[in-house]
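One file, my_file-v3.txt, is given below (compact mmCIF, C-alpha atoms).
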# COMPACT_ATOMS: atom_id res chain seq x y z
CA MET A 1 -103.68 -16.98 31.17
CA THR A 2 -106.90 -17.10 29.27
CA VAL A 3 -108.63 -13.94 28.13
CA GLY A 4 -110.85 -12.40 30.79
CA ARG A 5 -109.07 -13.61 33.89
CA ILE A 6 -107.66 -10.99 36.27
CA PRO A 7 -103.82 -10.78 36.13
CA SER A 8 -103.58 -8.44 39.13
CA ILE A 9 -105.07 -11.17 41.30
CA GLU A 10 -103.61 -14.28 39.71
CA GLY A 11 -100.15 -12.96 38.80
CA GLY A 12 -100.37 -13.61 35.05
CA ILE A 13 -100.05 -11.58 31.85
CA GLN A 14 -103.06 -11.23 29.58
CA PRO A 15 -102.53 -13.01 26.25
CA THR A 16 -103.92 -9.94 24.51
CA ILE A 17 -100.61 -8.16 25.10
CA VAL A 18 -99.25 -9.95 22.03
CA ASP A 19 -101.04 -9.70 18.72
CA ALA A 20 -98.69 -10.74 15.92
CA LYS A 21 -96.24 -13.43 14.95
CA GLY A 22 -92.84 -12.81 16.53
CA ASP A 23 -94.05 -10.43 19.26
CA LEU A 24 -91.91 -10.36 22.42
CA ILE A 25 -92.92 -9.36 25.93
CA THR A 26 -90.61 -6.87 27.58
CA ALA A 27 -91.09 -4.01 30.06
CA VAL A 28 -91.12 -0.22 30.08
CA ALA A 29 -90.74 0.08 33.85
CA ALA A 30 -90.94 -1.96 37.05
CA ASP A 31 -94.02 -4.23 37.00
CA THR A 32 -95.05 -2.73 33.65
CA PRO A 33 -94.97 -5.29 30.83
CA ALA A 34 -94.98 -4.17 27.21
CA ARG A 35 -94.90 -5.64 23.74
CA ILE A 36 -92.14 -5.24 21.20
CA GLY A 37 -93.00 -6.30 17.67
CA VAL A 38 -90.77 -8.48 15.55
CA GLY A 39 -88.07 -6.68 13.58
CA ALA A 40 -87.28 -6.78 9.90
CA ASN A 41 -85.72 -9.89 8.41
CA ASP A 42 -82.06 -10.45 9.37
CA THR A 43 -82.06 -7.80 12.12
CA VAL A 44 -81.02 -8.58 15.69
CA LEU A 45 -82.45 -7.50 19.05
CA THR A 46 -80.16 -4.86 20.52
CA ALA A 47 -80.09 -2.99 23.83
CA ASP A 48 -80.87 0.73 23.48
CA SER A 49 -81.57 2.77 26.61
CA THR A 50 -83.12 5.58 24.55
CA THR A 51 -86.15 3.51 23.54
CA ALA A 52 -89.23 2.98 25.75
CA THR A 53 -88.54 -0.74 26.17
CA GLY A 54 -84.75 -0.46 26.28
CA LEU A 55 -84.59 -2.64 23.16
CA LYS A 56 -84.59 -2.23 19.41
CA TRP A 57 -84.15 -4.25 16.25
CA ALA A 58 -80.97 -3.32 14.37
CA THR A 59 -78.84 -4.44 11.45
CA PRO A 60 -75.91 -6.55 12.70
CA ALA A 61 -72.54 -4.84 12.78
CA ALA A 62 -70.54 -5.43 9.62
CA GLY A 63 -67.88 -8.13 9.83
CA GLY A 64 -65.48 -9.94 7.57
CA MET A 65 -63.54 -8.16 4.85
CA THR A 66 -64.34 -4.92 3.06
CA LEU A 67 -62.76 -4.11 -0.29
CA ILE A 68 -61.22 -0.65 0.19
CA SER A 69 -59.70 -0.29 -3.27
CA GLU A 70 -58.75 -2.24 -6.37
CA THR A 71 -56.00 -1.08 -8.71
CA THR A 72 -54.86 -2.31 -12.08
CA ALA A 73 -51.27 -1.12 -12.34
CA SER A 74 -50.19 0.15 -15.75
CA ALA A 75 -46.54 1.21 -16.16
CA LEU A 76 -46.24 2.47 -12.59
CA SER A 77 -42.96 3.36 -10.90
CA SER A 78 -44.68 3.59 -7.50
CA LEU A 79 -48.11 3.22 -5.92
CA SER A 80 -49.47 4.53 -2.62
CA PHE A 81 -52.59 3.57 -0.67
CA SER A 82 -53.54 6.36 1.74
CA SER A 83 -57.31 5.94 2.25
CA LEU A 84 -57.01 3.12 4.76
CA GLY A 85 -60.14 3.58 6.85
CA SER A 86 -60.32 2.25 10.39
CA TYR A 87 -60.31 -1.55 10.65
CA LYS A 88 -58.68 -4.12 12.89
CA GLN A 89 -56.35 -5.26 10.10
CA LEU A 90 -55.40 -4.48 6.51
CA LEU A 91 -54.83 -7.10 3.83
CA LEU A 92 -53.07 -6.20 0.56
CA ILE A 93 -53.14 -8.85 -2.19
CA TRP A 94 -51.42 -8.60 -5.56
CA ALA A 95 -51.23 -10.92 -8.56
CA GLY A 96 -49.84 -10.88 -12.07
CA ILE A 97 -47.20 -8.18 -11.51
CA ARG A 98 -44.62 -7.90 -14.29
CA HIS A 99 -41.81 -5.39 -14.90
CA SER A 100 -41.09 -3.48 -18.10
CA ALA A 101 -37.37 -4.31 -18.00
CA ASN A 102 -34.70 -6.06 -15.96
CA GLY A 103 -32.54 -4.23 -13.45
CA SER A 104 -35.30 -2.99 -11.15
CA ALA A 105 -36.65 -4.08 -7.78
CA PHE A 106 -39.80 -3.00 -5.95
CA SER A 107 -40.69 -3.24 -2.28
CA ILE A 108 -43.16 -1.92 0.30
CA ARG A 109 -42.87 0.77 2.96
CA PHE A 110 -45.29 2.14 5.50
CA ASN A 111 -45.79 5.91 5.64
CA ASN A 112 -43.08 5.94 2.94
CA ASP A 113 -40.58 5.63 5.79
CA SER A 114 -37.15 4.37 4.70
CA GLY A 115 -35.75 4.32 8.22
CA SER A 116 -34.37 1.31 10.08
CA ILE A 117 -37.72 0.45 11.69
CA TYR A 118 -38.62 -2.84 9.97
CA PRO A 119 -37.07 -5.68 12.01
CA ILE A 120 -37.97 -8.90 10.23
CA ASN A 121 -37.42 -12.65 10.34
CA GLY A 122 -38.68 -15.58 8.31
CA PHE A 123 -37.77 -17.87 5.45
CA GLN A 124 -36.96 -17.39 1.79
CA GLY A 125 -36.33 -19.80 -1.03
CA ASP A 126 -33.83 -19.05 -3.77
CA SER A 127 -32.32 -20.90 -6.72
CA THR A 128 -31.44 -23.86 -4.48
CA PHE A 129 -34.98 -24.23 -3.18
CA THR A 130 -37.21 -26.78 -4.91
CA LEU A 131 -40.57 -28.30 -4.13
CA ASN A 132 -38.82 -31.39 -2.85
CA GLY A 133 -35.82 -29.50 -1.81
CA THR A 134 -33.50 -28.09 0.66
CA THR A 135 -34.24 -26.16 3.84
CA PRO A 136 -35.01 -22.52 2.96
CA ASP A 137 -32.64 -19.82 4.08
CA THR A 138 -33.44 -17.93 7.26
CA ILE A 139 -33.45 -14.17 6.85
CA GLN A 140 -33.16 -11.46 9.44
CA GLY A 141 -32.87 -7.74 9.09
CA SER A 142 -33.44 -4.35 10.66
CA ASN A 143 -33.31 -1.94 7.74
CA ASN A 144 -35.70 -0.86 5.02
CA ILE A 145 -37.87 -3.69 3.71
CA THR A 146 -35.56 -4.94 0.94
CA ILE A 147 -37.35 -8.22 0.39
CA PHE A 148 -38.58 -7.28 -3.09
CA SER A 149 -42.24 -7.89 -2.38
CA PHE A 150 -43.14 -6.64 -5.88
CA GLY A 151 -40.28 -8.50 -7.47
CA ARG A 152 -36.80 -8.12 -8.93
CA ASN A 153 -36.14 -8.54 -12.68
CA VAL A 154 -39.63 -9.95 -13.28
CA THR A 155 -39.88 -9.77 -17.07
CA ASN A 156 -40.55 -13.33 -18.16
CA ALA A 157 -43.74 -13.36 -20.27
CA SER A 158 -45.53 -16.09 -18.37
CA ALA A 159 -48.25 -15.97 -15.73
CA ASN A 160 -46.53 -18.52 -13.49
CA THR A 161 -43.41 -16.34 -13.21
CA ASP A 162 -45.15 -13.04 -12.37
CA VAL A 163 -45.14 -11.68 -8.82
CA ASN A 164 -47.99 -12.83 -6.59
CA GLY A 165 -48.22 -12.08 -2.89
CA SER A 166 -50.04 -10.75 0.15
CA LEU A 167 -49.37 -8.47 3.11
CA LEU A 168 -51.31 -8.50 6.40
CA ILE A 169 -50.96 -5.61 8.89
CA ASP A 170 -52.46 -5.79 12.38
CA ASN A 171 -53.58 -2.89 14.61
CA TYR A 172 -52.34 -0.36 12.07
CA THR A 173 -54.24 2.59 13.56
CA SER A 174 -52.58 2.26 16.99
CA THR A 175 -50.58 5.23 18.26
CA THR A 176 -49.25 3.37 21.30
CA LYS A 177 -47.88 0.09 19.90
CA SER A 178 -45.63 -1.24 17.16
CA LYS A 179 -47.51 -2.88 14.28
CA TYR A 180 -47.19 -6.58 13.45
CA TRP A 181 -47.10 -7.50 9.76
CA GLU A 182 -46.55 -10.63 7.74
CA ILE A 183 -45.83 -11.00 4.04
CA LYS A 184 -45.72 -13.77 1.45
CA HIS A 185 -44.70 -13.57 -2.18
CA ALA A 186 -43.18 -15.54 -5.05
CA TYR A 187 -41.74 -14.64 -8.47
CA TYR A 188 -39.14 -15.59 -11.08
CA ASP A 189 -35.96 -13.51 -11.30
CA VAL A 190 -34.98 -13.53 -14.98
CA SER A 191 -31.45 -12.18 -14.41
CA SER A 192 -30.48 -14.94 -12.00
CA ALA A 193 -32.71 -17.56 -13.67
CA SER A 194 -34.15 -18.55 -10.32
CA TYR A 195 -37.45 -18.57 -8.52
CA GLY A 196 -37.75 -16.63 -5.28
CA SER A 197 -40.32 -17.14 -2.53
CA LEU A 198 -40.72 -15.57 0.89
CA ASN A 199 -42.67 -16.09 4.10
CA CYS A 200 -41.70 -13.38 6.55
CA GLN A 201 -42.92 -11.67 9.72
CA GLY A 202 -41.92 -8.36 11.25
CA ILE A 203 -42.98 -5.22 13.05
CA PHE A 204 -43.22 -1.57 12.07
CA ASN A 205 -41.13 -0.50 15.01
CA THR A 206 -42.79 2.82 15.85
CA THR A 207 -45.90 3.93 17.69
CA SER A 208 -46.98 6.09 14.74
CA ALA A 209 -50.18 4.95 13.08
CA ILE A 210 -49.81 3.57 9.56
CA THR A 211 -51.49 6.07 7.25
CA SER A 212 -50.16 4.82 3.91
CA ILE A 213 -48.87 1.65 2.28
CA ASP A 214 -46.30 2.55 -0.36
CA ILE A 215 -44.93 0.42 -3.18
CA VAL A 216 -41.54 1.90 -4.04
CA ARG A 217 -38.84 1.26 -6.63
CA LEU A 218 -35.57 0.46 -4.90
CA SER A 219 -33.38 0.26 -8.00
CA GLY A 220 -33.44 0.64 -11.76
CA THR A 221 -35.85 2.51 -14.04
CA ALA A 222 -38.44 -0.15 -14.94
CA THR A 223 -42.17 0.14 -14.27
CA PHE A 224 -44.60 -2.55 -13.14
CA SER A 225 -47.99 -3.51 -14.54
CA ASN A 226 -50.75 -6.01 -13.86
CA GLN A 227 -51.20 -8.65 -16.52
CA ASN A 228 -54.61 -9.55 -17.94
CA ASN A 229 -57.34 -10.23 -15.40
CA THR A 230 -55.19 -9.43 -12.34
CA THR A 231 -55.27 -6.52 -9.89
CA ILE A 232 -53.90 -5.18 -6.61
CA ARG A 233 -56.60 -5.27 -3.92
CA LEU A 234 -56.65 -3.67 -0.48
CA TYR A 235 -59.11 -5.04 2.10
CA GLY A 236 -60.07 -3.86 5.56
CA VAL A 237 -60.66 -6.68 8.05
CA SER A 238 -63.30 -5.96 10.70
Rewritten as structure tokens:
Amino acid sequence: MTVGRIPSIEGGIQPTIVDAKGDLITAVAADTPARIGVGANDTVLTADSTTATGLKWATPAAGGMTLISETTASALSSLSFSSLGSYKQLLLIWAGIRHSANGSAFSIRFNNDSGSIYPINGFQGDSTFTLNGTTPDTIQGSNNITIFSFGRNVTNASANTDVNGSLLIDNYTSTTKSKYWEIKHAYYDVSSASYGSLNCQGIFNTTSAITSIDIVRLSGTATFSNQNNTTIRLYGVS
């Protein structure tokens, strides 16, 4: 409508209801139009029954990955992550892990539980596995995670032989379901002079929520450390 015409007779809305770039026309009640001004940059229009118009401009909900913690291991015999927050998934990534001596192996537990609640299956490569090579071995198990996710006899002084890997855990806060997890890692075992690699999936076969991720020493007396410019990072996935 043009200014000055009568909306109650002609069924229109006076253009004077809007007065700035980005204004929207909404309502505060039946047959009662109202103006809502444009929000701040990068905000989104969101329903909110507590406002007069039932709408508001709000910052979008956070998504993607949030860095929960970053650790540079230095001569550690164990490491525990217990401040896990509340996300859909957790992602633990490690690189450049090296042991102080041969004869030790390190793995991962949840809630530091060593019980037989980690049924797993997947594939691992050993000394017979090459880039062009043979079919990897299938592995299955139902005991403690003994897949040496933080390596076994990893003492070779070279970046390409250190332990690198990642662990993804889904729905870890659930108290009604088992928790799916998947893990990948690779390293060089000095004692057996062979490379090891793993791609494995499993469940934490309990309805207890996961409240800690624990790196534990399964054998030996060695410690593990991050090499230069590497860390252990824990992310929450929204």
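Each of A:Gln124, A:Asn102, A:Thr207, A:Ser83 was compared to Val154 of chain A using only C-alpha atoms, and A:Asn102 turns out to be the nearest.
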If we count all atoms listed in the file and set the cut-off at 8 Å, which residues sit around segment 27-40 of chain A, ignoring sequence neighbours fewer than 5 positions away in its own chain? Please answer as an NGL selection string. :A and (17-18 or 20-22 or 45 or 52-54 or 57-58)
Contacts of Ser107 of chain A at 7 Å (all atoms listed in the file; same-chain gap of 6+ positions) as an MDAnalysis selection string: chainID A and resid 145:150 215:218
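Look at segment 175-191 of chain A: the protein and nucleic acid residues within 6 Å of it, using only C-alpha atoms and passing over chain neighbours fewer than 6 places away, are Arg152, Asn153, Val154, Thr161, Asp162, Val163, Asn164, Gly165, Ser166, Leu167, Leu168, Ile169, Ser197, Leu198, Asn199, Cys200, Gln201, Gly202, Ile203, Phe204, Asn205, Thr206, Thr207, Ser208 and Ala209 of chain A.
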Shell around Val237 of chain A at 7 Å using all atoms listed in the file, local window under 6 positions removed, as an mmCIF file with C-alpha atoms, in the coordinates of the input:
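This is the output file out-v9.cif:
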data_model
loop_
_atom_site.group_PDB
_atom_site.id
_atom_site.type_symbol
_atom_site.label_atom_id
_atom_site.label_comp_id
_atom_site.auth_asym_id
_atom_site.auth_seq_id
_atom_site.Cartn_x
_atom_site.Cartn_y
_atom_site.Cartn_z
ATOM 1 C CA GLY A 64 -65.480 -9.940 7.570
ATOM 2 C CA MET A 65 -63.540 -8.160 4.850
ATOM 3 C CA THR A 66 -64.340 -4.920 3.060
ATOM 4 C CA TYR A 87 -60.310 -1.550 10.650
ATOM 5 C CA LYS A 88 -58.680 -4.120 12.890
ATOM 6 C CA GLN A 89 -56.350 -5.260 10.100
ATOM 7 C CA LEU A 90 -55.400 -4.480 6.510
#
Correct to one decimal, the distance atom CA of Ala47 of chain A-atom CA of Asn171 of chain A is 28.1 Å
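Distances here use all atoms listed in the file; by that measure, the residue among A:Ile210, A:Ile68, A:Ala75, A:Ala193 closest to Leu91 of chain A is A:Ile68.
Going from atom CA of Arg98 of chain A to atom CA of Thr155 of chain A covers 5.8 Å.
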Rounded to one decimal, what separation in Å do you get between atom CA of Asn228 of chain A and atom CA of Ser100 of chain A? 14.8 Å
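If you measure from each of A:Thr173, A:Ser212, A:Ser77, A:Thr231 to Phe106 of chain A using only C-alpha atoms, the closest one turns out to be A:Ser77.
Restricting the calculation to all atoms listed in the file, the smallest distance between Leu79 of chain A and any of A:Asn160, A:Ser238, A:Thr50, A:Ser225 is found for A:Ser225.
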Using all atoms listed in the file, which residue out of A:Ser78, A:Thr72, A:Ile120, A:Ile93 lies closest to Asn229 of chain A? A:Thr72
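Compared by their closest atoms to Leu76 of chain A, and using only C-alpha atoms, the residues A:Val44, A:Ile97, A:Leu92, A:Ile117 rank with A:Ile97 nearest.
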